[in-house]
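Here is the structure we will look at.
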Amino acid sequence: MDIFPPEIIGQILESFPVDQGPITPSRERVWRAELAQFSTISRVWKASVEWITFKTLTIASGELEAFAALFSGENISRRAALTTLKIVFILPDPCNAMGCCSVVRTINREADSTTFSTAVVKLFAILADLEGRTTGEHPLSLAFWEAFRLSKFTEPKGTVERPCKPAEYGQHRHSRREVLEAQAMSGQFELLREDEIPVVHSVTTFDFRGLYDLIDLKPTWIPGIARKLPRLRELLVRREDCYGLGRHKRLEQKECLSVSICTIASDHLRQVRLDVRHQPMENEALPVHRFVKDSQWSQEPWFRVCKHLATFPNLAVLKLLGGLVICPQFFRAIVDYTGVPFPSLVEFELQFAPETADGRWFYDRDNQVIESSRSNPIYKEFWEEKARQEAQRDDDSHYYSDSSGSEDDVRVFEDGPFRTNVVEHDKFRSLPNTNTFLPFLLDAGEAVSQMPKLRKFVLKQGHKFAQYSDLDYFPIVSRVFELWYLKTGMPRSPKDVPTHYDPSIPSDATYLHQNRLYWRVDCWKPWDEVQAAWNAIAGPDAKVVFLEEGKWTVHGGLIDLQIYDEDF
């Protein structure tokens with residue numbers, strides 16, 4: 001069987017599907033076990049099997065000693081094959097783990113911090129040991145993937161509507177409101193013992209996926225981990241910004257993340273991606289959580305993050321994703337920067353929320369269009385259906401009760417994580433606001449002109465799953481905004497198949513020889529002064545395209561994978 005060269009053997013083995021399922025029980029391990037049987041054929045086959053199976057590993061924190069044993073003695077040669085390591089942290093079970101719900105399942109955050117920190121110290125010690133016993137440089141992508149508690153497999157499980165489920169499976173003991181508030185008040189854990197964490201030179205990419213219980217880890221780990229990775233090139237951090245936490249806790253978490261990011265050293269980083277998924281307000285008539293006063297926009301956390309990252313001398317790619325709640329003056333961090341901001345930045349992307357950090361909105365209600373549609377026969381069925389829904393809502397006597405299980409109602413949160421009211425769903429803002437959106441777009445243009453090496457600039461309202469049809473008054477009105485500015489030779493997106501972060505516009509390849517400016521704004525047209533400013537930035541020979549919503553198609557059935565089926 002050694003008549004095949006190693007390259008052909010590798011292709012044969014790679015034809016087996018790799019399944020990155022949960023590690024316990026693990027479909028990935030089943031795949032590895034099936035693949036391992038080929039290692040007995042010969043030494044060449046064994047080497048090929050190990051090269052593939054050790055390329056990406058997912059390890060639970062309780063398996064770290066077994067992970068280290070894989071590379072003992074002569075098996076240190078396997079380290080050259082390892083390129084991606086995903087860590088799943090096992091946290092302690094809560095007190096009263098078999099209790100009915102989160103109200104009585106008490107989580108010990110000190111125990112979480114100790115367990116997590118011990119695992120991190122041990123992990124880094126193992127990686128440092130592997131470095132000392134191997135030859136050559138073997139870059140590693142390290143991911144803190146998720147965390148969970150073993151009790152989750154046995155604890156009573158309710159439903160979304162009735163999350164409390166007593167052991168006797170009788171009537172629920174705690175209301176949904178009590179359960180959600182208990183979860184919001186459970187606190188966070190943190191990384192301790194930073195001085196005991198060894199330095200690891202081989203990690204060039206760090207991906208904090210933050211799934212499940214790992215979302216409760218305080219972001220203070222960021223500078224602590226970054227200091228231990230002197231050759232780190234790419235930093236990816238995923239977080240959440242939940243409206244249901246209330247204004248105080250949201251601001252506290254924003255501040256903590258901002259301080260953590262602003263403590264990172266800058267010389268070695270080439271790419272930073274911060275993906276903070278924003279949970280939008282489902283009733284846009286409610287007061288917005290206000291994080292800063294009008295005159296204090298320079299103290300807004302994301303403004304400070306942008307200003308700090310602008311000092312990074314080698315940063316080439318910056319993506320601020322998830323729909324960040326910012327002030328309209330966000331780009332003043334670049335415009336008013338002393339010196340040259342982002343001297344090496346090539347790609348910049350910002351996804352922003354429809355509401356602002358100073359308590360305003362980037363959008364208003366388009367009263368003229370909505371009210372005029374009432375007499376338009378095209379929308380007759382729309383208004384009749386809306387009237388039926390409102391009548392049904394009035395008939396639901398339980399709609400506003402604490403025990404309501406309806407997914408259509410909207411819970412109101414003010415300063416704390418305690419529901420203060422229940423109102424109906426009402427997303428209606430579609431008309432860009434002159435006082436907030438217009439200066440925001442003008443500042444963005446001025447910021448682009450000050451970044452000397454910038455070749456790709458993306459500005460988007462919402463996040464990758466946001467749809468222009470999300471509003472309650474769609475198709476009468478829609479809310480979509482994307483602005484793409486690309487310089488000569490820089491592709492807008494993948495040539496053929498879209499990714500989760502980039503839609504595909506095949507026709508873009510025809511115009512790579514010139515600057516391009518793409519607007520995705522549906523029926524709205526940007527203000528004349530905004531178009532003039534951006535046309536001046538793009539240049540007189542630029543290709544300017546207003547993309548039509550009806551030309552987009554979904555690829556593979558996934559709403560965030562889109563292709564623009566139109567030649568310009």
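FYI, nothing fancy with the structure tokens labels: chains A, B, ... in order, residues from 1 per chain, ligands from 1 as they appear.
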
Return as number ranges by chain the full set of residues in range 151-233 of chain A whose backbone-based DSSP assignment is helix (DSSP H, G or I). A: 151-153, 176-184, 194-196, 213-216, 221-227

Would you output that residue set with C-alpha atoms, as a PDB file, in the first residue's frame?
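New file again_15.pdb:
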```
ATOM      1  CA  SER A 151     -25.461  18.802  35.497  1.00  0.00           C
ATOM      2  CA  LYS A 152     -27.140  20.270  32.429  1.00  0.00           C
ATOM      3  CA  PHE A 153     -27.554  16.735  31.061  1.00  0.00           C
ATOM      4  CA  ARG A 176     -40.949  32.924  33.676  1.00  0.00           C
ATOM      5  CA  ARG A 177     -40.254  36.411  34.942  1.00  0.00           C
ATOM      6  CA  GLU A 178     -38.645  35.085  38.129  1.00  0.00           C
ATOM      7  CA  VAL A 179     -36.490  32.636  36.165  1.00  0.00           C
ATOM      8  CA  LEU A 180     -35.244  35.241  33.680  1.00  0.00           C
ATOM      9  CA  GLU A 181     -34.470  37.719  36.451  1.00  0.00           C
ATOM     10  CA  ALA A 182     -32.583  35.062  38.424  1.00  0.00           C
ATOM     11  CA  GLN A 183     -30.475  34.282  35.361  1.00  0.00           C
ATOM     12  CA  ALA A 184     -29.718  37.968  34.821  1.00  0.00           C
ATOM     13  CA  GLU A 194      -2.615  35.616  35.694  1.00  0.00           C
ATOM     14  CA  ASP A 195       0.943  35.722  37.055  1.00  0.00           C
ATOM     15  CA  GLU A 196       1.052  31.904  36.994  1.00  0.00           C
ATOM     16  CA  ASP A 213     -21.739  29.410  30.091  1.00  0.00           C
ATOM     17  CA  LEU A 214     -18.550  30.994  28.768  1.00  0.00           C
ATOM     18  CA  ILE A 215     -20.612  34.094  27.962  1.00  0.00           C
ATOM     19  CA  ASP A 216     -20.540  34.836  31.708  1.00  0.00           C
ATOM     20  CA  TRP A 221      -9.230  38.088  30.686  1.00  0.00           C
ATOM     21  CA  ILE A 222      -8.411  39.867  27.412  1.00  0.00           C
ATOM     22  CA  PRO A 223      -5.275  41.813  28.439  1.00  0.00           C
ATOM     23  CA  GLY A 224      -4.178  38.998  30.752  1.00  0.00           C
ATOM     24  CA  ILE A 225      -4.219  36.408  27.961  1.00  0.00           C
ATOM     25  CA  ALA A 226      -2.852  38.818  25.328  1.00  0.00           C
ATOM     26  CA  ARG A 227       0.215  39.521  27.471  1.00  0.00           C
TER      27      ARG A 227
END
```

Set the distance at 6 Å and use only C-alpha atoms: which residues neighbour Cys100 in chain A once local chain neighbours fewer than 2 positions away are removed? I'd like the list as number ranges by chain. A: 164-166

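The protein and nucleic acid residues lying at most 8 Å from range 251-268 of chain A are Lys218, Pro219, Thr220, Trp221, Ile222, Pro223, Ala226, Arg227, Pro230, Arg231, Leu232, Arg233, Arg247, His248, Phe291, Pro301, Trp302, Arg304, Val305, His308, Leu309, Thr311, Phe312, Pro313 and Asn314 of chain A, with only C-alpha atoms considered and sequence neighbours fewer than 3 positions away removed.
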
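When only C-alpha atoms are used to measure the gap to Ser141 in chain A, the shortest distance among A:Ala391, A:Ala125, A:Ala532, A:Leu229 belongs to A:Leu229.
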
By how many Å are CA of His289 in chain A and CA of Gly322 in chain A apart? 17.4 Å

Excluding Gly359 in chain A and any residue of its chain fewer than 3 positions from it, enumerate the residues within 8 Å of it, using only C-alpha atoms, and give them as a list in words. Pro287, Val288, His289, Arg290, Phe291, Val292, Glu355 and Thr356 of chain A

Within 10 Å of Val369 in chain A, counting only C-alpha atoms, which residues qualify if same-chain residues fewer than 3 places away don't, as a ChimeraX atom specification? /A:365-366,372-374,431,476-477

Nearest residue to Arg492 in chain A from the set A:Thr510, A:Thr134, A:Gln329, A:Thr118 (distances using only C-alpha atoms): A:Thr510

Find the residues near range 336-340 of chain A: any atom within 9 Å, counting only C-alpha atoms, skip ones fewer than 6 places away on the same chain, and give them as JSON, numbers by chain. {"A": [307, 310, 311, 447, 450, 451, 452]}

Extract the full set of strand (DSSP E or B) residues from range 291-387 of chain A according to DSSP on the backbone, and format it as a list in words. Val317, Leu318, Lys319, Leu320, Leu321, Gly322, Gly323, Leu324, Glu347, Phe348, Glu349, Leu350, Gln351, Phe352, Glu355, Trp361, Tyr363, Asp364 and Arg365 of chain A

Can you list, as a ChimeraX atom specification, every protein, DNA or RNA residue that comes within 8 Å of Pro417 in chain A when you count only C-alpha atoms, leaving out same-chain residues fewer than 3 positions away? /A:181,184-185,244-246,249,413-414

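Using only C-alpha atoms, the shortest contact distance between Asp275 in chain A and any of A:Gly462, A:Phe148, A:Trp297, A:Pro328 is found at A:Gly462.
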
Interatomic distance (Å, one decimal) between CA of Phe474 in chain A and CA of Gln531 in chain A: 26.0 Å
